[in-house]
Structure formats: structure tokens, C-alpha cells
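S.K.: Enclosed is the structure file coords_9.cif (mmCIF, C-alpha atoms).
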data_structure
#
loop_
_atom_site.label_atom_id
_atom_site.label_comp_id
_atom_site.auth_asym_id
_atom_site.auth_seq_id
_atom_site.Cartn_x
_atom_site.Cartn_y
_atom_site.Cartn_z
CA MET A 1 99.43 160.47 -163.77
CA ALA A 2 102.64 161.72 -162.18
CA GLU A 3 103.57 165.28 -162.91
CA THR A 4 107.06 164.18 -163.98
CA LEU A 5 105.54 162.58 -167.10
CA ARG A 6 104.73 166.01 -168.52
CA PRO A 7 107.81 166.89 -170.61
CA ASN A 8 109.38 170.30 -170.81
CA ARG A 9 109.07 172.67 -173.77
CA PRO A 10 110.14 172.75 -176.53
CA LEU A 11 108.10 169.62 -177.00
CA SER A 12 109.20 166.72 -179.19
CA VAL A 13 106.78 164.64 -181.24
CA ALA A 14 107.94 161.47 -179.49
CA ASP A 15 107.37 162.95 -176.03
CA ALA A 16 103.93 164.28 -176.96
CA TRP A 17 102.72 160.89 -178.19
CA ALA A 18 104.36 159.04 -175.30
CA VAL A 19 102.49 161.06 -172.69
CA THR A 20 99.26 160.81 -174.69
CA ALA A 21 99.61 157.03 -174.85
CA GLN A 22 99.85 156.95 -171.07
CA ARG A 23 96.65 159.03 -170.81
CA ALA A 24 94.61 157.89 -173.81
CA ALA A 25 91.52 157.22 -171.72
CA GLU A 26 91.48 160.85 -170.52
CA THR A 27 92.59 162.56 -173.76
CA THR A 28 90.56 164.78 -176.11
CA PHE A 29 91.63 165.80 -179.61
CA PHE A 30 90.21 169.05 -181.05
CA PHE A 31 90.57 170.08 -184.72
CA ASP A 32 89.75 173.16 -186.73
CA PHE A 33 88.37 172.30 -190.19
CA ASP A 34 89.54 174.73 -192.90
CA GLY A 35 93.29 174.63 -193.34
CA VAL A 36 93.66 171.73 -190.89
CA LEU A 37 91.47 168.86 -192.05
CA SER A 38 90.76 170.41 -195.46
CA PRO A 39 92.81 172.63 -197.78
CA VAL A 40 91.55 176.22 -197.94
CA THR A 41 89.71 176.84 -201.22
CA ASP A 42 88.58 179.94 -203.13
CA ASP A 43 84.97 178.74 -202.81
CA PRO A 44 84.20 177.73 -199.20
CA ASP A 45 81.41 175.42 -200.39
CA ALA A 46 83.96 173.39 -202.35
CA SER A 47 86.03 172.47 -199.29
CA GLN A 48 86.37 168.77 -198.58
CA PRO A 49 88.40 166.95 -195.93
CA VAL A 50 91.56 165.18 -197.03
CA ASP A 51 90.59 161.67 -198.12
CA ALA A 52 92.26 159.94 -195.17
CA VAL A 53 90.82 162.27 -192.52
CA PRO A 54 87.35 160.79 -191.80
CA GLY A 55 88.72 157.31 -191.30
CA VAL A 56 91.60 158.38 -189.12
CA LEU A 57 89.35 160.55 -186.94
CA GLU A 58 86.88 157.73 -186.40
CA GLN A 59 89.72 155.37 -185.51
CA LEU A 60 91.22 157.97 -183.18
CA ALA A 61 87.84 158.34 -181.46
CA THR A 62 87.90 154.64 -180.57
CA THR A 63 91.37 155.00 -179.06
CA VAL A 64 91.10 158.15 -176.93
CA ARG A 65 88.36 159.59 -174.75
CA ARG A 66 86.94 162.09 -177.24
CA VAL A 67 87.46 163.70 -180.68
CA ALA A 68 85.82 166.98 -181.72
CA ILE A 69 85.92 169.42 -184.63
CA VAL A 70 85.72 173.10 -183.64
CA SER A 71 85.03 175.27 -186.67
CA ALA A 72 83.70 178.57 -187.95
CA ARG A 73 81.51 176.49 -190.27
CA PRO A 74 77.90 175.72 -189.36
CA VAL A 75 77.17 172.27 -187.97
CA SER A 76 75.07 171.55 -191.08
CA PHE A 77 78.17 172.01 -193.25
CA LEU A 78 80.34 169.85 -191.01
CA ARG A 79 77.71 167.13 -190.95
CA SER A 80 77.65 167.13 -194.76
CA ARG A 81 81.40 166.45 -194.79
CA PHE A 82 81.51 163.99 -191.90
CA ALA A 83 78.16 162.22 -192.06
CA SER A 84 79.85 158.84 -191.66
CA LEU A 85 81.44 159.73 -188.33
CA GLU A 86 79.59 158.32 -185.34
CA ARG A 87 81.90 159.21 -182.48
CA VAL A 88 83.13 162.73 -183.36
CA ASP A 89 81.50 165.82 -181.81
CA LEU A 90 81.04 168.92 -183.95
CA TYR A 91 81.21 172.53 -182.75
CA GLY A 92 79.96 174.95 -185.41
CA LEU A 93 80.18 178.73 -185.61
CA TYR A 94 82.89 178.94 -182.94
CA GLY A 95 80.75 176.89 -180.57
CA LEU A 96 77.38 178.62 -181.06
CA GLU A 97 76.18 175.26 -182.42
CA VAL A 98 77.08 171.81 -181.09
CA TRP A 99 76.38 168.37 -182.57
CA HIS A 100 76.60 165.74 -179.84
CA GLU A 101 75.08 162.27 -179.78
CA GLY A 102 72.86 162.93 -182.79
CA GLU A 103 71.46 166.29 -181.72
CA VAL A 104 72.21 169.92 -182.60
CA VAL A 105 72.13 172.39 -179.72
CA THR A 106 72.23 176.11 -180.54
CA GLU A 107 73.24 178.82 -178.08
CA PRO A 108 69.86 180.44 -177.21
CA ALA A 109 71.31 183.95 -176.95
CA ALA A 110 72.32 183.83 -180.63
CA LEU A 111 68.98 182.75 -182.08
CA PRO A 112 67.33 186.23 -182.11
CA TRP A 113 70.14 187.44 -184.38
CA ILE A 114 69.24 185.19 -187.33
CA PRO A 115 67.06 187.82 -189.11
CA ALA A 116 69.75 190.49 -188.69
CA MET A 117 72.39 188.15 -190.11
CA ASN A 118 70.17 187.39 -193.09
CA ASP A 119 69.59 191.10 -193.74
CA LEU A 120 73.31 191.77 -193.40
CA ALA A 121 74.16 189.11 -195.98
CA GLU A 122 71.72 190.64 -198.46
CA ARG A 123 73.15 194.10 -197.89
CA ALA A 124 76.70 192.82 -198.31
CA ARG A 125 75.81 191.29 -201.68
CA ALA A 126 74.25 194.58 -202.77
CA GLU A 127 76.91 196.98 -201.49
CA LEU A 128 80.23 195.14 -201.83
CA PRO A 129 82.00 194.45 -205.14
CA GLY A 130 80.89 191.32 -206.96
CA GLN A 131 84.28 189.65 -206.44
CA ILE A 132 83.54 189.35 -202.72
CA LEU A 133 82.02 186.02 -201.77
CA VAL A 134 79.35 186.55 -199.11
CA GLU A 135 78.81 183.42 -197.00
CA PHE A 136 75.63 183.42 -194.92
CA LYS A 137 75.95 180.97 -192.02
CA ARG A 138 72.62 181.60 -190.29
CA LEU A 139 74.31 182.99 -187.19
CA SER A 140 77.14 184.86 -188.90
CA VAL A 141 78.17 186.38 -192.22
CA ALA A 142 81.64 185.83 -193.68
CA LEU A 143 83.04 188.18 -196.33
CA HIS A 144 85.69 186.34 -198.37
CA TYR A 145 88.15 188.35 -200.46
CA ARG A 146 90.54 185.52 -201.35
CA THR A 147 89.98 185.98 -205.09
CA ALA A 148 90.29 189.78 -204.79
CA PRO A 149 92.95 190.52 -202.15
CA GLN A 150 93.24 194.10 -203.39
CA LEU A 151 89.80 194.72 -201.84
CA ALA A 152 90.88 193.70 -198.33
CA ASP A 153 90.84 197.25 -196.95
CA GLU A 154 87.43 198.02 -198.45
CA VAL A 155 85.90 194.82 -197.08
CA THR A 156 87.45 195.34 -193.66
CA ARG A 157 86.24 198.93 -193.49
CA TRP A 158 82.70 197.96 -194.54
CA GLY A 159 82.64 195.12 -192.02
CA HIS A 160 83.71 197.33 -189.15
CA GLU A 161 81.15 199.95 -190.08
CA GLN A 162 78.38 197.34 -189.99
CA ALA A 163 79.64 195.88 -186.73
CA GLU A 164 79.61 199.29 -185.07
CA GLU A 165 76.16 200.17 -186.42
CA LEU A 166 74.52 196.84 -185.54
CA GLY A 167 76.45 195.98 -182.39
CA LEU A 168 78.11 192.89 -183.89
CA LYS A 169 81.47 191.24 -183.26
CA ILE A 170 84.24 191.06 -185.87
CA GLN A 171 86.33 187.93 -186.41
CA GLY A 172 89.27 188.22 -188.77
CA GLY A 173 90.70 185.22 -190.58
CA ARG A 174 92.54 184.02 -193.65
CA MET A 175 91.34 186.39 -196.39
CA VAL A 176 87.99 186.80 -194.63
CA VAL A 177 86.14 189.22 -192.37
CA GLU A 178 83.33 187.64 -190.37
CA LEU A 179 80.53 189.36 -188.47
CA LYS A 180 78.95 187.55 -185.53
CA PRO A 181 76.29 188.24 -182.89
CA PRO A 182 77.52 189.91 -179.69
CA VAL A 183 77.39 186.58 -177.86
CA ASP A 184 80.35 185.67 -175.69
CA GLN A 185 81.58 182.53 -177.46
CA ASP A 186 84.83 181.61 -179.19
CA LYS A 187 87.13 178.63 -179.72
CA GLY A 188 89.04 179.38 -176.55
CA MET A 189 85.86 179.09 -174.51
CA VAL A 190 84.99 175.80 -176.23
CA ILE A 191 88.37 174.37 -175.29
CA THR A 192 88.27 175.76 -171.74
CA GLU A 193 85.01 173.92 -171.14
CA GLY A 194 86.06 170.86 -173.13
CA VAL A 195 89.21 170.19 -171.09
CA ARG A 196 87.63 170.76 -167.70
CA ASN A 197 87.67 167.05 -166.88
CA ALA A 198 90.43 165.95 -169.25
CA GLY A 199 93.91 164.88 -168.30
CA CYS A 200 95.34 165.58 -171.76
CA ALA A 201 94.19 167.51 -174.83
CA TRP A 202 95.46 168.38 -178.30
CA TYR A 203 94.30 171.25 -180.51
CA PHE A 204 95.13 171.56 -184.22
CA GLY A 205 94.65 175.02 -185.76
CA ASP A 206 95.87 177.27 -188.54
CA ASP A 207 94.28 180.69 -188.02
CA MET A 208 94.25 183.61 -185.60
CA SER A 209 91.06 182.42 -183.89
CA ASP A 210 92.86 179.19 -183.01
CA ILE A 211 95.39 181.01 -180.85
CA LYS A 212 92.64 181.43 -178.24
CA ALA A 213 92.32 177.64 -178.20
CA PHE A 214 96.08 177.28 -177.72
CA ASP A 215 95.86 179.80 -174.87
CA ALA A 216 93.10 177.74 -173.25
CA LEU A 217 95.41 174.72 -173.14
CA ARG A 218 98.16 176.83 -171.56
CA ALA A 219 95.74 178.24 -169.00
CA ARG A 220 94.61 174.76 -168.01
CA GLU A 221 98.21 173.63 -167.54
CA ALA A 222 98.90 176.68 -165.40
CA VAL A 223 96.20 175.77 -162.87
CA ASP A 224 96.48 171.98 -163.09
CA PRO A 225 100.01 170.54 -163.03
CA GLY A 226 98.58 167.14 -163.90
CA PHE A 227 97.11 168.34 -167.21
CA PHE A 228 99.07 168.03 -170.48
CA GLY A 229 98.16 170.12 -173.54
CA VAL A 230 99.59 170.04 -177.07
CA ALA A 231 99.04 172.93 -179.49
CA VAL A 232 99.65 172.03 -183.14
CA ALA A 233 99.83 174.67 -185.88
CA VAL A 234 99.26 173.86 -189.56
CA ALA A 235 101.53 176.28 -191.38
CA ASN A 236 100.35 178.58 -194.15
CA PRO A 237 101.68 181.74 -195.83
CA GLU A 238 98.84 183.94 -194.53
CA THR A 239 98.83 183.46 -190.74
CA GLY A 240 101.42 180.72 -190.41
CA ALA A 241 104.21 182.55 -188.63
CA GLU A 242 102.09 183.99 -185.83
CA VAL A 243 100.10 180.81 -185.29
CA SER A 244 103.16 178.58 -185.45
CA SER A 245 104.99 180.71 -182.90
CA ALA A 246 102.13 180.08 -180.45
CA ALA A 247 102.18 176.30 -180.95
CA ASP A 248 104.23 173.39 -179.63
CA LEU A 249 104.43 171.56 -182.96
CA THR A 250 103.99 172.62 -186.60
CA LEU A 251 102.78 170.59 -189.58
CA ASP A 252 102.93 171.62 -193.23
CA SER A 253 99.44 170.88 -194.55
CA PRO A 254 96.16 169.01 -194.02
CA ASP A 255 97.74 166.02 -195.76
CA ALA A 256 100.53 166.16 -193.19
CA VAL A 257 97.92 166.23 -190.42
CA ALA A 258 96.41 162.98 -191.72
CA GLU A 259 99.86 161.37 -191.91
CA PHE A 260 100.78 162.64 -188.44
CA LEU A 261 97.61 161.18 -186.93
CA THR A 262 98.07 157.86 -188.73
CA ASP A 263 101.56 157.60 -187.26
CA GLY A 264 100.25 158.70 -183.86
CA LEU A 265 97.59 156.00 -183.87
CA ARG A 266 100.31 153.38 -184.37
CA ARG A 267 102.10 154.78 -181.34
CA LEU A 268 98.93 154.84 -179.25
CA GLN A 269 97.98 151.30 -180.18
CA ALA A 270 101.44 149.78 -179.80
CA PRO A 271 101.63 147.08 -177.13
#
Can I see the file as C-alpha cells?
M.R.:
Amino acid sequence: MAETLRPNRPLSVADAWAVTAQRAAETTFFFDFDGVLSPVTDDPDASQPVDAVPGVLEQLATTVRRVAIVSARPVSFLRSRFASLERVDLYGLYGLEVWHEGEVVTEPAALPWIPAMNDLAERARAELPGQILVEFKRLSVALHYRTAPQLADEVTRWGHEQAEELGLKIQGGRMVVELKPPVDQDKGMVITEGVRNAGCAWYFGDDMSDIKAFDALRAREAVDPGFFGVAVAVANPETGAEVSSAADLTLDSPDAVAEFLTDGLRRLQAP
């Protein structure tokens, strides 16, 4: 594809879809889950994708080269929400787990940390205030303070103390502190690898961890003038300004994402 078909920034919606239509066979779409395909909820277990999302993702996967969800959630959770999808790859726990062609592959370096993560979850439930929701994800522990924002400093301090003592990594997010094994893996690395042979890629995110994915698209463009990347932020009052400022396009909500993709599919499939 000629380099001249990559439009300048700031990027318009029409230009983004026009270039993607030209490169559909070499395009990958990546999506975060919480806040992008599903509204953020007080109880993480209650999160469900917007009604239109599964269908539109499956249809998109028949139109472009590849569709993938890249989430902090475990693959088991994502599978429970998208069991009907046959063509969509799932990256769980920032890429420590991958569901591809009916099989889950776990990063071997993370597996020895499962007992430590289990112990950490039990200690968090015992030592932190009862308002804090402790989410054990097998390979990480997330400490949610959405229903008790006044405890943010206490949760953050406790998390950093545990990370220093146990040699863990800290991942901040929307009203959450997450502790992970010291394994070199994040969304940016998933996207860097995922676009290696792509001519075009989109990433939809809403949180600070998604900025690394945006950066991966920019880095690919910098070394490959023929590559076209589109970073889409889903705005929110918690991290919206910083994430939106790093993106090419901004949408208002997960419902708006579904509508945007539905419109995009019409553009991609137009004769």
C-alpha cells in the first residue's frame, strides 16, 4: 500500500476507515474489555459486554485479518463472556494468558507465582478494610476501592509494601491497584508482537495500561512507513483526559464503541 494513503494527524474518522478498507486483509483490531466493550461496574464479576458487542466483533473478524481482546481479566473470564465467538483471540492478564484456536497458553515464567498470588489474596482479605474488593486472578491480585474511594491511599500504600516485600510488579488502574508477578509482559508488548506482520492495526482502550498499547502502534509506524495505526480512547472521568490525549480518536462509552464499529463495518463492506 502506498505510503501516501496514510493520512496525517489529527486523524479523521473518515480517513481512518478509508485506509482500513484499503487494507482490510492485513488489519488487526485490538480491544480492552472493561470500559471499552463493557461498562465498568462496582463488582468486577458483574461486568458484561454491551449487547451488540459479541455480534459486531464476530462480524468484524470475518471482514479483517484478525480481532483480539487484550485485557487484565483472566482468559477464563473472557471466555465466559464471549463463548460464542469463534474467530476472536483472547489475551488475558495483560498477555500472560492467550486463547487462540481453542487452546489456552500461559506464560511459563508466571506459573510458579500462582501460590504466592493465592497467599497474597488471602492476606489482602484479612488485612485490608472489608470495603475493598479483592479479586484473585490466579496470576495476579487486584484490589478494587471503587466503592470506598476514601481508602485509595491506604490500598495503594499496602499494595506497594507487598510488591516491595515479595518482588512483585504494581499496575495501577481505574480505582484499582493490581499486583503481578515480575514477568516482563504488558499490553504494549502484546501489541508490538501482534502488529509485527500487520499493515494496519487499531487499539481501543480506556485506562493507563492502554497507553503502552497506543505507544506500540506509534513505534511501529516510526520504523515502518507502510504501517497505519489507530489509537482509540473511550473517555471516562477517571483516566479519560490522559488516555484521550494519547489517542487519535475518542469515543464516549462502550455503547458508542459498538455503534462506531457497526458504522465502520458498513464502510468496510461497501462496494
S.K.: At a cut-off of 10 Å, using all atoms listed in the file, what residues contact Arg218 in chain A? Leave out same-chain residues fewer than 6 positions from it and give the result as a ChimeraX atom specification.
M.R.: /A:192,212,224,227-231
S.K.: Identify which of the residues A:Gly172, A:Gly167, A:Gly102, A:Pro74 lies closest to Ala116 in chain A, counting only C-alpha atoms when measuring atom-to-atom distances.
M.R.: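 That would be A:Gly167, the residue with the smallest distance to Ala116 in chain A.
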S.K.: Tell me which protein, DNA and RNA residues are within 10 Å of Glu26 in chain A, counting only C-alpha atoms, leaving out same-chain ones fewer than 3 positions away, and put them as an NGL selection string.
M.R.: :A and (20-23 or 64-66 or 195 or 197-201 or 227)
S.K.: What would the selection look like, as a VMD selection string, if the PyMOL selection byres ((chain A and resi 15) around 12) were run on the coordinates I just shared?
M.R.: chain A and resid 5 to 14 16 to 22 228 to 230 248 to 249 264 267
S.K.: Based on the selection just made, write C-alpha atoms of those residues as an mmCIF file, in the coordinates of the input.
M.R.:
data_model
loop_
_atom_site.group_PDB
_atom_site.id
_atom_site.type_symbol
_atom_site.label_atom_id
_atom_site.label_comp_id
_atom_site.auth_asym_id
_atom_site.auth_seq_id
_atom_site.Cartn_x
_atom_site.Cartn_y
_atom_site.Cartn_z
ATOM 1 C CA LEU A 5 105.540 162.580 -167.100
ATOM 2 C CA ARG A 6 104.730 166.010 -168.520
ATOM 3 C CA PRO A 7 107.810 166.890 -170.610
ATOM 4 C CA ASN A 8 109.380 170.300 -170.810
ATOM 5 C CA ARG A 9 109.070 172.670 -173.770
ATOM 6 C CA PRO A 10 110.140 172.750 -176.530
ATOM 7 C CA LEU A 11 108.100 169.620 -177.000
ATOM 8 C CA SER A 12 109.200 166.720 -179.190
ATOM 9 C CA VAL A 13 106.780 164.640 -181.240
ATOM 10 C CA ALA A 14 107.940 161.470 -179.490
ATOM 11 C CA ALA A 16 103.930 164.280 -176.960
ATOM 12 C CA TRP A 17 102.720 160.890 -178.190
ATOM 13 C CA ALA A 18 104.360 159.040 -175.300
ATOM 14 C CA VAL A 19 102.490 161.060 -172.690
ATOM 15 C CA THR A 20 99.260 160.810 -174.690
ATOM 16 C CA ALA A 21 99.610 157.030 -174.850
ATOM 17 C CA GLN A 22 99.850 156.950 -171.070
ATOM 18 C CA PHE A 228 99.070 168.030 -170.480
ATOM 19 C CA GLY A 229 98.160 170.120 -173.540
ATOM 20 C CA VAL A 230 99.590 170.040 -177.070
ATOM 21 C CA ASP A 248 104.230 173.390 -179.630
ATOM 22 C CA LEU A 249 104.430 171.560 -182.960
ATOM 23 C CA GLY A 264 100.250 158.700 -183.860
ATOM 24 C CA ARG A 267 102.100 154.780 -181.340
#
S.K.: The PyMOL selection byres ((chain A and resi 86) around 12) on the file shown: which residues, as a PyMOL selection string?
M.R.: chain A and resi 54-55+57-62+66-68+79+82-85+87-90+99-103
S.K.: Just say which residues the PyMOL selection byres ((chain A and resi 182) around 8) picks in this file, as a PyMOL selection string.
M.R.: chain A and resi 167-169+180-181+183-184
S.K.: May I ask which of the residues A:Met208, A:Val243, A:Ile191, A:Ile69 is the closest one to Phe33 in chain A, counting only C-alpha atoms?
M.R.: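 Residue with the minimum atom-to-atom distance to Phe33 in chain A: A:Ile69.
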S.K.: What's the separation between CA of Val234 in chain A and CA of Thr106 in chain A, in Å to one decimal place?
M.R.: 28.6 Å
S.K.: Considering all atoms listed in the file, can you say which of A:Ala142, A:Val177, A:Ala121, A:Ala216 comes closest to His160 in chain A?
M.R.: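 Using all atoms listed in the file, the shortest distance to His160 in chain A belongs to A:Val177.
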S.K.: I'd like to know which of A:Thr239, A:Arg157, A:Gln171, A:Leu166 is closest to Asp207 in chain A, using only C-alpha atoms.
M.R.: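 For Asp207 in chain A, the nearest of the candidates is A:Thr239.
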S.K.: Name the closest residue to Pro44 in chain A among the candidates A:Phe260, A:Trp158, A:Phe30, A:Tyr145; distances are taken between atoms, counting all atoms listed in the file.
M.R.: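 That would be A:Tyr145, the residue with the smallest distance to Pro44 in chain A.
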S.K.: When you count only C-alpha atoms, which of these residues is closest to Gln185 in chain A: A:Thr28, A:Val40, A:Pro49, A:Leu96?
M.R.: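 For Gln185 in chain A, the nearest of the given residues is A:Leu96.
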S.K.: Please list as a list in words every residue within 10 Å of Glu97 in chain A, counting all atoms listed in the file and excluding residues in the same chain fewer than 2 positions away.
M.R.: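 In the requested form, the answer reads Val70, Ser71, Ala72, Arg73, Pro74, Val75, Ser76, Leu90, Tyr91, Gly92, Leu93, Tyr94, Gly95, Trp99, His100, Val104, Val105, Thr106, Glu107, Pro108, Ala110 and Leu139 of chain A.
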S.K.: For range 124-127 of chain A, list every protein, DNA or RNA residue within 10 Å, evaluated using only C-alpha atoms, and leave out those in the same chain fewer than 3 positions away; present the list as a PyMOL selection string.
M.R.: chain A and resi 118-121+130-135+141-143+155+158-159+162
